[in-house]
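Have a look at protein_35.pdb below; it lists PDB, C-alpha atoms and all ligand atoms.
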ATOM      1  CA  MET A   1       6.325  29.362   2.870  1.00  0.00           C
ATOM      2  CA  CYS A   2       8.132  27.534   5.685  1.00  0.00           C
ATOM      3  CA  ASN A   3       7.624  30.397   8.143  1.00  0.00           C
ATOM      4  CA  LYS A   4       3.911  29.524   8.288  1.00  0.00           C
ATOM      5  CA  ARG A   5       4.819  26.553  10.389  1.00  0.00           C
ATOM      6  CA  VAL A   6       4.503  26.406  14.149  1.00  0.00           C
ATOM      7  CA  HIS A   7       7.747  25.232  15.681  1.00  0.00           C
ATOM      8  CA  GLY A   8       8.019  23.688  19.101  1.00  0.00           C
ATOM      9  CA  LYS A   9       7.843  19.930  18.527  1.00  0.00           C
ATOM     10  CA  SER A  10      11.323  19.760  17.045  1.00  0.00           C
ATOM     11  CA  LEU A  11      12.586  17.405  19.744  1.00  0.00           C
ATOM     12  CA  THR A  12       9.995  14.777  18.868  1.00  0.00           C
ATOM     13  CA  LEU A  13      10.674  12.204  16.175  1.00  0.00           C
ATOM     14  CA  ILE A  14       8.185  13.476  13.618  1.00  0.00           C
ATOM     15  CA  GLY A  15       8.357  17.144  14.648  1.00  0.00           C
ATOM     16  CA  ASP A  16       6.025  19.271  12.540  1.00  0.00           C
ATOM     17  CA  GLY A  17       5.922  16.795   9.672  1.00  0.00           C
ATOM     18  CA  ILE A  18       2.848  15.790   7.657  1.00  0.00           C
ATOM     19  CA  PHE A  19       1.740  13.176  10.214  1.00  0.00           C
ATOM     20  CA  ASN A  20       1.756  15.623  13.089  1.00  0.00           C
ATOM     21  CA  VAL A  21       0.077  18.765  11.779  1.00  0.00           C
ATOM     22  CA  SER A  22      -3.376  19.739  10.648  1.00  0.00           C
ATOM     23  CA  GLY A  23      -5.249  22.583   8.947  1.00  0.00           C
ATOM     24  CA  ASP A  24      -3.208  25.050   6.919  1.00  0.00           C
ATOM     25  CA  GLU A  25       0.079  23.526   7.967  1.00  0.00           C
ATOM     26  CA  TRP A  26      -0.963  20.095   6.717  1.00  0.00           C
ATOM     27  CA  LYS A  27      -2.328  21.640   3.501  1.00  0.00           C
ATOM     28  CA  PHE A  28       0.935  23.441   2.840  1.00  0.00           C
ATOM     29  CA  ILE A  29       3.095  20.330   3.335  1.00  0.00           C
ATOM     30  CA  ARG A  30       0.633  18.223   1.359  1.00  0.00           C
ATOM     31  CA  GLN A  31       0.758  20.657  -1.578  1.00  0.00           C
ATOM     32  CA  VAL A  32       4.532  20.854  -1.810  1.00  0.00           C
ATOM     33  CA  SER A  33       4.873  17.081  -1.316  1.00  0.00           C
ATOM     34  CA  SER A  34       2.198  16.236  -3.883  1.00  0.00           C
ATOM     35  CA  HIS A  35       3.956  18.360  -6.430  1.00  0.00           C
ATOM     36  CA  GLU A  36       7.248  16.500  -6.008  1.00  0.00           C
ATOM     37  CA  PHE A  37       5.665  13.048  -5.676  1.00  0.00           C
ATOM     38  CA  ASN A  38       3.789  13.539  -8.938  1.00  0.00           C
ATOM     39  CA  THR A  39       6.800  14.395 -11.079  1.00  0.00           C
ATOM     40  CA  LYS A  40       7.742  11.804 -13.689  1.00  0.00           C
ATOM     41  CA  SER A  41      11.403  12.208 -12.817  1.00  0.00           C
ATOM     42  CA  LEU A  42      10.777  11.191  -9.191  1.00  0.00           C
ATOM     43  CA  ARG A  43       8.888   8.131 -10.379  1.00  0.00           C
ATOM     44  CA  HIS A  44      11.825   7.190 -12.597  1.00  0.00           C
ATOM     45  CA  TYR A  45      14.215   7.730  -9.717  1.00  0.00           C
ATOM     46  CA  VAL A  46      12.087   5.479  -7.469  1.00  0.00           C
ATOM     47  CA  GLU A  47      12.095   2.803 -10.196  1.00  0.00           C
ATOM     48  CA  ASP A  48      15.887   3.011 -10.496  1.00  0.00           C
ATOM     49  CA  VAL A  49      16.409   2.832  -6.724  1.00  0.00           C
ATOM     50  CA  VAL A  50      14.122  -0.182  -6.321  1.00  0.00           C
ATOM     51  CA  ASP A  51      15.597  -1.873  -9.393  1.00  0.00           C
ATOM     52  CA  ILE A  52      19.152  -1.584  -8.042  1.00  0.00           C
ATOM     53  CA  GLU A  53      18.150  -2.609  -4.515  1.00  0.00           C
ATOM     54  CA  LEU A  54      16.325  -5.654  -5.927  1.00  0.00           C
ATOM     55  CA  ASN A  55      18.884  -6.843  -8.442  1.00  0.00           C
ATOM     56  CA  GLU A  56      22.072  -6.024  -6.619  1.00  0.00           C
ATOM     57  CA  ARG A  57      21.005  -6.793  -3.053  1.00  0.00           C
ATOM     58  CA  LEU A  58      17.709  -8.572  -2.364  1.00  0.00           C
ATOM     59  CA  ILE A  59      17.746 -11.193  -5.111  1.00  0.00           C
ATOM     60  CA  PRO A  60      21.417 -12.222  -4.617  1.00  0.00           C
ATOM     61  CA  ILE A  61      20.869 -12.607  -0.857  1.00  0.00           C
ATOM     62  CA  LEU A  62      17.725 -14.719  -1.378  1.00  0.00           C
ATOM     63  CA  ALA A  63      19.392 -16.755  -4.133  1.00  0.00           C
ATOM     64  CA  ASN A  64      22.403 -17.409  -1.942  1.00  0.00           C
ATOM     65  CA  ALA A  65      20.211 -18.505   0.977  1.00  0.00           C
ATOM     66  CA  ALA A  66      18.264 -20.841  -1.325  1.00  0.00           C
ATOM     67  CA  ALA A  67      21.442 -22.321  -2.839  1.00  0.00           C
ATOM     68  CA  ASN A  68      22.973 -22.973   0.588  1.00  0.00           C
ATOM     69  CA  ASN A  69      19.759 -23.991   2.291  1.00  0.00           C
ATOM     70  CA  THR A  70      20.267 -21.231   4.858  1.00  0.00           C
ATOM     71  CA  ILE A  71      17.384 -20.132   7.045  1.00  0.00           C
ATOM     72  CA  ILE A  72      16.948 -16.366   6.905  1.00  0.00           C
ATOM     73  CA  ASP A  73      14.733 -13.914   8.750  1.00  0.00           C
ATOM     74  CA  LEU A  74      12.660 -12.693   5.823  1.00  0.00           C
ATOM     75  CA  GLN A  75      11.052  -9.897   7.822  1.00  0.00           C
ATOM     76  CA  ASP A  76      14.476  -8.517   8.770  1.00  0.00           C
ATOM     77  CA  ILE A  77      15.667  -8.796   5.146  1.00  0.00           C
ATOM     78  CA  LEU A  78      12.589  -6.958   3.814  1.00  0.00           C
ATOM     79  CA  GLN A  79      12.876  -4.278   6.464  1.00  0.00           C
ATOM     80  CA  ARG A  80      16.451  -3.706   5.361  1.00  0.00           C
ATOM     81  CA  PHE A  81      15.313  -3.603   1.728  1.00  0.00           C
ATOM     82  CA  SER A  82      12.638  -0.985   2.544  1.00  0.00           C
ATOM     83  CA  PHE A  83      14.983   1.063   4.720  1.00  0.00           C
ATOM     84  CA  ASP A  84      17.713   1.316   2.064  1.00  0.00           C
ATOM     85  CA  SER A  85      15.155   2.175  -0.632  1.00  0.00           C
ATOM     86  CA  ILE A  86      13.297   4.811   1.366  1.00  0.00           C
ATOM     87  CA  CYS A  87      16.507   6.485   2.600  1.00  0.00           C
ATOM     88  CA  LYS A  88      17.804   6.757  -0.958  1.00  0.00           C
ATOM     89  CA  ILE A  89      14.488   8.147  -2.177  1.00  0.00           C
ATOM     90  CA  SER A  90      14.090  10.581   0.729  1.00  0.00           C
ATOM     91  CA  PHE A  91      17.561  12.017   0.932  1.00  0.00           C
ATOM     92  CA  GLY A  92      19.867  10.253  -1.442  1.00  0.00           C
ATOM     93  CA  TYR A  93      21.638   8.426   1.367  1.00  0.00           C
ATOM     94  CA  ASP A  94      22.464   4.731   1.085  1.00  0.00           C
ATOM     95  CA  PRO A  95      22.634   3.144   4.562  1.00  0.00           C
ATOM     96  CA  LYS A  96      23.814  -0.150   2.958  1.00  0.00           C
ATOM     97  CA  TYR A  97      21.650  -2.019   5.436  1.00  0.00           C
ATOM     98  CA  LEU A  98      20.854  -4.860   3.010  1.00  0.00           C
ATOM     99  CA  ILE A  99      24.276  -6.225   2.208  1.00  0.00           C
ATOM    100  CA  PRO A 100      25.364  -9.859   2.738  1.00  0.00           C
ATOM    101  CA  SER A 101      26.958  -9.230   6.143  1.00  0.00           C
ATOM    102  CA  LEU A 102      23.572  -7.819   7.353  1.00  0.00           C
ATOM    103  CA  PRO A 103      25.332  -5.075   9.333  1.00  0.00           C
ATOM    104  CA  GLN A 104      23.987  -2.929  12.120  1.00  0.00           C
ATOM    105  CA  SER A 105      23.193   0.642  11.079  1.00  0.00           C
ATOM    106  CA  LYS A 106      23.183   3.240  13.851  1.00  0.00           C
ATOM    107  CA  PHE A 107      20.586   5.286  12.003  1.00  0.00           C
ATOM    108  CA  ALA A 108      18.270   2.306  11.326  1.00  0.00           C
ATOM    109  CA  ILE A 109      18.573   1.057  14.904  1.00  0.00           C
ATOM    110  CA  ALA A 110      17.854   4.508  16.338  1.00  0.00           C
ATOM    111  CA  PHE A 111      14.770   4.653  14.101  1.00  0.00           C
ATOM    112  CA  GLU A 112      13.543   1.212  15.198  1.00  0.00           C
ATOM    113  CA  ASP A 113      14.197   2.013  18.885  1.00  0.00           C
ATOM    114  CA  ALA A 114      12.366   5.325  18.679  1.00  0.00           C
ATOM    115  CA  LEU A 115       9.302   3.764  17.040  1.00  0.00           C
ATOM    116  CA  ARG A 116       9.207   0.804  19.417  1.00  0.00           C
ATOM    117  CA  THR A 117       9.532   2.986  22.506  1.00  0.00           C
ATOM    118  CA  THR A 118       6.826   5.340  21.280  1.00  0.00           C
ATOM    119  CA  THR A 119       4.445   2.428  20.654  1.00  0.00           C
ATOM    120  CA  GLU A 120       5.249   0.890  24.030  1.00  0.00           C
ATOM    121  CA  ARG A 121       4.086   4.057  25.741  1.00  0.00           C
ATOM    122  CA  PHE A 122       0.552   2.691  25.384  1.00  0.00           C
ATOM    123  CA  HIS A 123       1.365  -0.588  27.174  1.00  0.00           C
ATOM    124  CA  ASN A 124       3.548   0.594  30.031  1.00  0.00           C
ATOM    125  CA  ILE A 125       2.208   0.778  33.557  1.00  0.00           C
ATOM    126  CA  THR A 126       4.566   3.581  34.570  1.00  0.00           C
ATOM    127  CA  PRO A 127       3.194   6.799  33.070  1.00  0.00           C
ATOM    128  CA  TRP A 128       5.509   7.732  30.228  1.00  0.00           C
ATOM    129  CA  LYS A 129       5.045  11.440  30.854  1.00  0.00           C
ATOM    130  CA  LEU A 130       6.510  11.010  34.330  1.00  0.00           C
ATOM    131  CA  LYS A 131       9.462   9.072  32.908  1.00  0.00           C
ATOM    132  CA  ARG A 132       9.936  11.778  30.316  1.00  0.00           C
ATOM    133  CA  PHE A 133       9.814  14.463  32.974  1.00  0.00           C
ATOM    134  CA  LEU A 134      12.394  12.612  35.078  1.00  0.00           C
ATOM    135  CA  ASN A 135      14.366  11.668  31.959  1.00  0.00           C
ATOM    136  CA  ILE A 136      14.667   8.013  32.960  1.00  0.00           C
ATOM    137  CA  GLY A 137      14.322   4.519  31.420  1.00  0.00           C
ATOM    138  CA  SER A 138      12.644   4.170  28.042  1.00  0.00           C
ATOM    139  CA  GLU A 139      11.945   7.904  27.748  1.00  0.00           C
ATOM    140  CA  LYS A 140      15.631   8.679  28.254  1.00  0.00           C
ATOM    141  CA  ARG A 141      16.502   6.175  25.497  1.00  0.00           C
ATOM    142  CA  LEU A 142      13.810   7.647  23.256  1.00  0.00           C
ATOM    143  CA  LYS A 143      15.261  11.104  23.685  1.00  0.00           C
ATOM    144  CA  GLU A 144      18.703   9.781  22.742  1.00  0.00           C
ATOM    145  CA  SER A 145      17.368   7.943  19.660  1.00  0.00           C
ATOM    146  CA  VAL A 146      15.409  10.979  18.479  1.00  0.00           C
ATOM    147  CA  SER A 147      18.414  13.200  18.962  1.00  0.00           C
ATOM    148  CA  GLU A 148      20.591  10.754  16.993  1.00  0.00           C
ATOM    149  CA  ILE A 149      18.077  10.572  14.114  1.00  0.00           C
ATOM    150  CA  ARG A 150      17.568  14.327  13.916  1.00  0.00           C
ATOM    151  CA  GLN A 151      21.288  15.082  14.122  1.00  0.00           C
ATOM    152  CA  PHE A 152      21.980  12.570  11.387  1.00  0.00           C
ATOM    153  CA  ALA A 153      19.256  14.018   9.138  1.00  0.00           C
ATOM    154  CA  LYS A 154      20.544  17.550   9.736  1.00  0.00           C
ATOM    155  CA  LYS A 155      24.117  16.514   8.950  1.00  0.00           C
ATOM    156  CA  LEU A 156      23.020  15.076   5.606  1.00  0.00           C
ATOM    157  CA  LEU A 157      20.941  18.145   4.904  1.00  0.00           C
ATOM    158  CA  ASN A 158      23.857  20.480   5.533  1.00  0.00           C
ATOM    159  CA  GLN A 159      26.144  18.366   3.361  1.00  0.00           C
ATOM    160  CA  LYS A 160      23.616  18.658   0.556  1.00  0.00           C
ATOM    161  CA  LYS A 161      23.245  22.389   1.021  1.00  0.00           C
ATOM    162  CA  GLN A 162      27.019  22.752   0.613  1.00  0.00           C
ATOM    163  CA  GLU A 163      27.220  20.658  -2.558  1.00  0.00           C
ATOM    164  CA  SER A 164      28.050  23.023  -5.408  1.00  0.00           C
ATOM    165  CA  SER A 165      25.659  21.368  -7.831  1.00  0.00           C
ATOM    166  CA  ILE A 166      22.771  19.523  -6.263  1.00  0.00           C
ATOM    167  CA  GLN A 167      21.611  16.675  -8.448  1.00  0.00           C
ATOM    168  CA  THR A 168      17.871  16.998  -8.184  1.00  0.00           C
ATOM    169  CA  VAL A 169      17.030  13.344  -7.821  1.00  0.00           C
ATOM    170  CA  ASP A 170      16.061  12.527  -4.260  1.00  0.00           C
ATOM    171  CA  LEU A 171      13.231  14.273  -2.434  1.00  0.00           C
ATOM    172  CA  LEU A 172      15.479  16.363  -0.206  1.00  0.00           C
ATOM    173  CA  SER A 173      17.413  17.768  -3.172  1.00  0.00           C
ATOM    174  CA  ARG A 174      14.154  18.557  -4.931  1.00  0.00           C
ATOM    175  CA  PHE A 175      12.818  20.509  -1.964  1.00  0.00           C
ATOM    176  CA  LEU A 176      16.114  22.375  -1.676  1.00  0.00           C
ATOM    177  CA  CYS A 177      16.114  23.249  -5.375  1.00  0.00           C
ATOM    178  CA  SER A 178      12.568  24.519  -5.230  1.00  0.00           C
ATOM    179  CA  GLY A 179      13.572  27.033  -2.551  1.00  0.00           C
ATOM    180  CA  HIS A 180      12.601  25.256   0.697  1.00  0.00           C
ATOM    181  CA  THR A 181      15.664  25.712   2.836  1.00  0.00           C
ATOM    182  CA  ASP A 182      14.309  25.772   6.408  1.00  0.00           C
ATOM    183  CA  GLU A 183      16.313  23.184   8.348  1.00  0.00           C
ATOM    184  CA  ASN A 184      13.474  22.014  10.587  1.00  0.00           C
ATOM    185  CA  PHE A 185      10.989  21.818   7.730  1.00  0.00           C
ATOM    186  CA  LEU A 186      13.330  19.645   5.653  1.00  0.00           C
ATOM    187  CA  THR A 187      14.390  17.452   8.582  1.00  0.00           C
ATOM    188  CA  ASP A 188      10.749  16.803   9.493  1.00  0.00           C
ATOM    189  CA  MET A 189       9.901  16.096   5.869  1.00  0.00           C
ATOM    190  CA  VAL A 190      12.666  13.513   5.493  1.00  0.00           C
ATOM    191  CA  ILE A 191      11.900  11.767   8.789  1.00  0.00           C
ATOM    192  CA  ASN A 192       8.153  11.640   8.071  1.00  0.00           C
ATOM    193  CA  THR A 193       8.759  10.185   4.611  1.00  0.00           C
ATOM    194  CA  ILE A 194      11.021   7.482   6.010  1.00  0.00           C
ATOM    195  CA  LEU A 195       8.421   6.726   8.641  1.00  0.00           C
ATOM    196  CA  ALA A 196       5.648   6.571   6.005  1.00  0.00           C
ATOM    197  CA  GLY A 197       7.491   4.283   3.625  1.00  0.00           C
ATOM    198  CA  ARG A 198       9.611   2.072   5.805  1.00  0.00           C
ATOM    199  CA  GLU A 199       7.391  -0.191   7.854  1.00  0.00           C
ATOM    200  CA  THR A 200       4.311   0.047   5.586  1.00  0.00           C
ATOM    201  CA  THR A 201       6.287  -1.367   2.678  1.00  0.00           C
ATOM    202  CA  SER A 202       8.100  -4.091   4.586  1.00  0.00           C
ATOM    203  CA  ALA A 203       4.914  -5.125   6.424  1.00  0.00           C
ATOM    204  CA  THR A 204       3.021  -5.319   3.119  1.00  0.00           C
ATOM    205  CA  LEU A 205       5.787  -7.392   1.563  1.00  0.00           C
ATOM    206  CA  THR A 206       5.774  -9.768   4.541  1.00  0.00           C
ATOM    207  CA  CYS A 207       1.983 -10.158   4.580  1.00  0.00           C
ATOM    208  CA  ARG A 208       0.744 -13.682   4.163  1.00  0.00           C
ATOM    209  CA  SER A 209      -2.536 -14.137   2.315  1.00  0.00           C
ATOM    210  CA  VAL A 210      -5.025 -16.325   4.166  1.00  0.00           C
TER
HETATM  211  C1  LIG A 301       2.524  -0.546   1.061  1.00  0.00           C
HETATM  212  C2  LIG A 301       2.961   0.589   1.497  1.00  0.00           C
HETATM  213  C3  LIG A 301       2.106   1.695   2.047  1.00  0.00           C
HETATM  214  C4  LIG A 301       0.884   1.634   2.660  1.00  0.00           C
HETATM  215  C5  LIG A 301       0.041   0.409   2.940  1.00  0.00           C
HETATM  216  C6  LIG A 301       0.528   2.995   3.012  1.00  0.00           C
HETATM  217  C7  LIG A 301      -0.623   3.356   3.655  1.00  0.00           C
HETATM  218  C8  LIG A 301      -0.968   4.642   4.024  1.00  0.00           C
HETATM  219  C9  LIG A 301      -2.188   5.043   4.703  1.00  0.00           C
HETATM  220  C10 LIG A 301      -3.315   4.103   5.093  1.00  0.00           C
HETATM  221  C11 LIG A 301      -2.128   6.366   4.902  1.00  0.00           C
HETATM  222  C12 LIG A 301      -3.192   7.241   5.588  1.00  0.00           C
HETATM  223  C13 LIG A 301      -4.058   7.856   4.529  1.00  0.00           C
HETATM  224  C14 LIG A 301      -5.087   8.796   5.102  1.00  0.00           C
HETATM  225  O1  LIG A 301      -5.116   9.057   6.304  1.00  0.00           O
HETATM  226  O2  LIG A 301      -5.867   9.320   4.304  1.00  0.00           O
HETATM  227  C15 LIG A 301      -0.879   6.839   4.362  1.00  0.00           C
HETATM  228  C16 LIG A 301      -0.462   8.149   4.384  1.00  0.00           C
HETATM  229  C17 LIG A 301       0.714   8.593   3.853  1.00  0.00           C
HETATM  230  N1  LIG A 301       1.660   7.831   3.184  1.00  0.00           N
HETATM  231 FE1  LIG A 301       1.554   5.868   2.820  1.00  0.00          FE
HETATM  232  N2  LIG A 301       1.530   3.832   2.610  1.00  0.00           N
HETATM  233  C18 LIG A 301       2.513   3.084   2.020  1.00  0.00           C
HETATM  234  C19 LIG A 301       3.707   3.514   1.480  1.00  0.00           C
HETATM  235  C20 LIG A 301       4.113   4.828   1.451  1.00  0.00           C
HETATM  236  C21 LIG A 301       5.373   5.308   0.902  1.00  0.00           C
HETATM  237  C22 LIG A 301       6.423   4.414   0.228  1.00  0.00           C
HETATM  238  C23 LIG A 301       5.406   6.649   1.103  1.00  0.00           C
HETATM  239  C24 LIG A 301       6.468   7.665   0.750  1.00  0.00           C
HETATM  240  C25 LIG A 301       7.538   7.449   0.081  1.00  0.00           C
HETATM  241  C26 LIG A 301       4.168   7.023   1.773  1.00  0.00           C
HETATM  242  C27 LIG A 301       3.850   8.305   2.158  1.00  0.00           C
HETATM  243  C28 LIG A 301       2.702   8.647   2.819  1.00  0.00           C
HETATM  244  C29 LIG A 301       2.421  10.005   3.284  1.00  0.00           C
HETATM  245  C30 LIG A 301       3.330  11.234   3.088  1.00  0.00           C
HETATM  246  C31 LIG A 301       1.173   9.969   3.920  1.00  0.00           C
HETATM  247  C32 LIG A 301       0.448  11.127   4.588  1.00  0.00           C
HETATM  248  C33 LIG A 301      -0.530  11.716   3.609  1.00  0.00           C
HETATM  249  C34 LIG A 301      -1.279  12.887   4.193  1.00  0.00           C
HETATM  250  O3  LIG A 301      -1.412  13.055   5.405  1.00  0.00           O
HETATM  251  O4  LIG A 301      -1.768  13.667   3.379  1.00  0.00           O
HETATM  252  N3  LIG A 301       3.424   5.900   1.972  1.00  0.00           N
HETATM  253  N4  LIG A 301      -0.203   5.771   3.831  1.00  0.00           N
END
Can you present the structure in this file as structure tokens?
Amino acid sequence: MCNKRVHGKSLTLIGDGIFNVSGDEWKFIRQVSSHEFNTKSLRHYVEDVVDIELNERLIPILANAAANNTIIDLQDILQRFSFDSICKISFGYDPKYLIPSLPQSKFAIAFEDALRTTTERFHNITPWKLKRFLNIGSEKRLKESVSEIRQFAKKLLNQKKQESSIQTVDLLSRFLCSGHTDENFLTDMVINTILAGRETTSATLTCRSV
């Protein structure tokens, strides 16, 4: 099961998750994920999560902005909507990122920083591998963000492991209940799912047809 996996990338954001492996490793993760993603109960859970996020958060915020003629940053709002939804689906955690005060969330910010810094590696003149080696500038910040994200994911995972009765609703609980307990495997799975669902969904929602 999980011991088939090659460890060694655990300090990167996506570790040995589905986006970073190939061959048998990819096949294994794909099989266990497909099984969970195809259950009717997960689909119902996703519907419930999105329904609550829409009716209790997104629509009231949009309605309030319309009633008061307030200008809002729709992209930011939809990113918050996607982040709350995907965190709840992935590991049953509600970051409460889309609430009227539009708060900062350490976890969401660390995620955004890590993705931005990784993308910027391709545009920077200073070789990022050198910066990583010297642990300076953007690579130092990236390391801190990744560490924050992974520590946070592991903390949630351990809390769930200690719960006497795991309610098998979110993806993490489902993997735990089906006997996948390896900490790195589960952390990578959660982070990769958030990565897969977060920006794709908010970017699609923000798309303008031409
Ligand atoms: C509008 C939203 C989304 C778009 C446009 C989108 C698009 C894509 C695309 C183009 C791929 C690559 C497929 C390939 O290489 O064959 C992909 C892969 C994937 N997506 Fe999405 N996606 C979206 C939402 C989601 C959500 C919400 C999740 C999870 C909750 C998700 C999970 C995944 C996973 C796990 C993979 C990797 C599949 C694999 O390697 O076998 N995606 N997505």
Separation of CA of Gln159 in chain A from CA of Ser145 in chain A, in Å and rounded to one decimal: 21.2 Å
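With only C-alpha atoms and all ligand atoms counted, the chains near ligand LIG 301 (chain A) contribute these residues within 6 Å: Ile18, Phe19, Arg30, Thr193, Ala196, Gly197, Thr200, Thr201 and Thr204 of chain A.
Distances from A:Met189, A:Ile77, A:Leu195, A:Leu130 to Asp16 in chain A were compared using only C-alpha atoms, and the smallest one belongs to A:Met189.
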Shell around Leu205 in chain A at 12 Å using only C-alpha atoms, local window under 4 positions removed, as a list in words: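 What passes the distance filter is Leu74, Gln75, Asp76, Ile77, Leu78, Gln79, Arg80, Phe81, Ser82, Gly197, Arg198, Glu199, Thr200, Thr201 and Ser209 of chain A.
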Filtering to C-alpha atoms, could you give me those residues as a tab-separated table (two decimals), in the frame of the given file?
chain	number	residue	atom	x	y	z
A	74	LEU	CA	12.66	-12.69	5.82
A	75	GLN	CA	11.05	-9.90	7.82
A	76	ASP	CA	14.48	-8.52	8.77
A	77	ILE	CA	15.67	-8.80	5.15
A	78	LEU	CA	12.59	-6.96	3.81
A	79	GLN	CA	12.88	-4.28	6.46
A	80	ARG	CA	16.45	-3.71	5.36
A	81	PHE	CA	15.31	-3.60	1.73
A	82	SER	CA	12.64	-0.98	2.54
A	197	GLY	CA	7.49	4.28	3.62
A	198	ARG	CA	9.61	2.07	5.80
A	199	GLU	CA	7.39	-0.19	7.85
A	200	THR	CA	4.31	0.05	5.59
A	201	THR	CA	6.29	-1.37	2.68
A	209	SER	CA	-2.54	-14.14	2.32
Between CA of Glu56 in chain A and CA of Lys155 in chain A, distance in Å (one decimal): 27.5 Å
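CA of Thr117 in chain A to CA of Leu13 in chain A spans 11.2 Å [interatomic distance, one decimal].
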Nearest to Asp182 in chain A by atom-to-atom distance, counting all atoms listed in the file, from A:Ser202, A:Asn69, A:Asn158, A:Thr119: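 That would be A:Asn158, the residue with the smallest distance to Asp182 in chain A.
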Residues matched by the PyMOL selection byres (((chain A and resi 83-94) around 8) and not hetatm), written as an mmCIF file with C-alpha atoms, in the frame of the given file:
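Written out: selection.cif:
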data_model
loop_
_atom_site.group_PDB
_atom_site.id
_atom_site.type_symbol
_atom_site.label_atom_id
_atom_site.label_comp_id
_atom_site.auth_asym_id
_atom_site.auth_seq_id
_atom_site.Cartn_x
_atom_site.Cartn_y
_atom_site.Cartn_z
ATOM 1 C CA TYR A 45 14.215 7.730 -9.717
ATOM 2 C CA VAL A 46 12.087 5.479 -7.469
ATOM 3 C CA VAL A 49 16.409 2.832 -6.724
ATOM 4 C CA VAL A 50 14.122 -0.182 -6.321
ATOM 5 C CA GLU A 53 18.150 -2.609 -4.515
ATOM 6 C CA GLN A 79 12.876 -4.278 6.464
ATOM 7 C CA ARG A 80 16.451 -3.706 5.361
ATOM 8 C CA PHE A 81 15.313 -3.603 1.728
ATOM 9 C CA SER A 82 12.638 -0.985 2.544
ATOM 10 C CA PRO A 95 22.634 3.144 4.562
ATOM 11 C CA LYS A 96 23.814 -0.150 2.958
ATOM 12 C CA TYR A 97 21.650 -2.019 5.436
ATOM 13 C CA LEU A 98 20.854 -4.860 3.010
ATOM 14 C CA ALA A 108 18.270 2.306 11.326
ATOM 15 C CA LEU A 156 23.020 15.076 5.606
ATOM 16 C CA VAL A 169 17.030 13.344 -7.821
ATOM 17 C CA ASP A 170 16.061 12.527 -4.260
ATOM 18 C CA LEU A 171 13.231 14.273 -2.434
ATOM 19 C CA LEU A 172 15.479 16.363 -0.206
ATOM 20 C CA SER A 173 17.413 17.768 -3.172
ATOM 21 C CA VAL A 190 12.666 13.513 5.493
ATOM 22 C CA THR A 193 8.759 10.185 4.611
ATOM 23 C CA ILE A 194 11.021 7.482 6.010
ATOM 24 C CA GLY A 197 7.491 4.283 3.625
ATOM 25 C CA ARG A 198 9.611 2.072 5.805
#
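Comparing the minimum interatomic distances between Phe107 in chain A and each of A:Arg150, A:Lys131, A:Lys161, A:Arg43, counting all atoms listed in the file, we find that A:Arg150 sits nearest.
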Expansion of the PyMOL selection byres (((chain A and resi 14) around 6) and not hetatm) into residues, as number ranges by chain: A: 12-13, 15, 17, 188, 192
8 Å contact set for Leu142 in chain A, only C-alpha atoms, chain neighbours under 4 positions out, as a PyMOL selection string: chain A and resi 113-114+117-118+138+146
Residue nearest Asn20 in chain A - candidates A:Ala203, A:Ile191, A:Ile136, A:Leu42, atoms counted: only C-alpha atoms: A:Ile191
Nearest to Leu186 in chain A, chosen from A:Gly23, A:Pro60, A:Lys129, A:Ile29, with all atoms listed in the file counted in the distances: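 Ranked by minimum distance to Leu186 in chain A, first place goes to A:Ile29.
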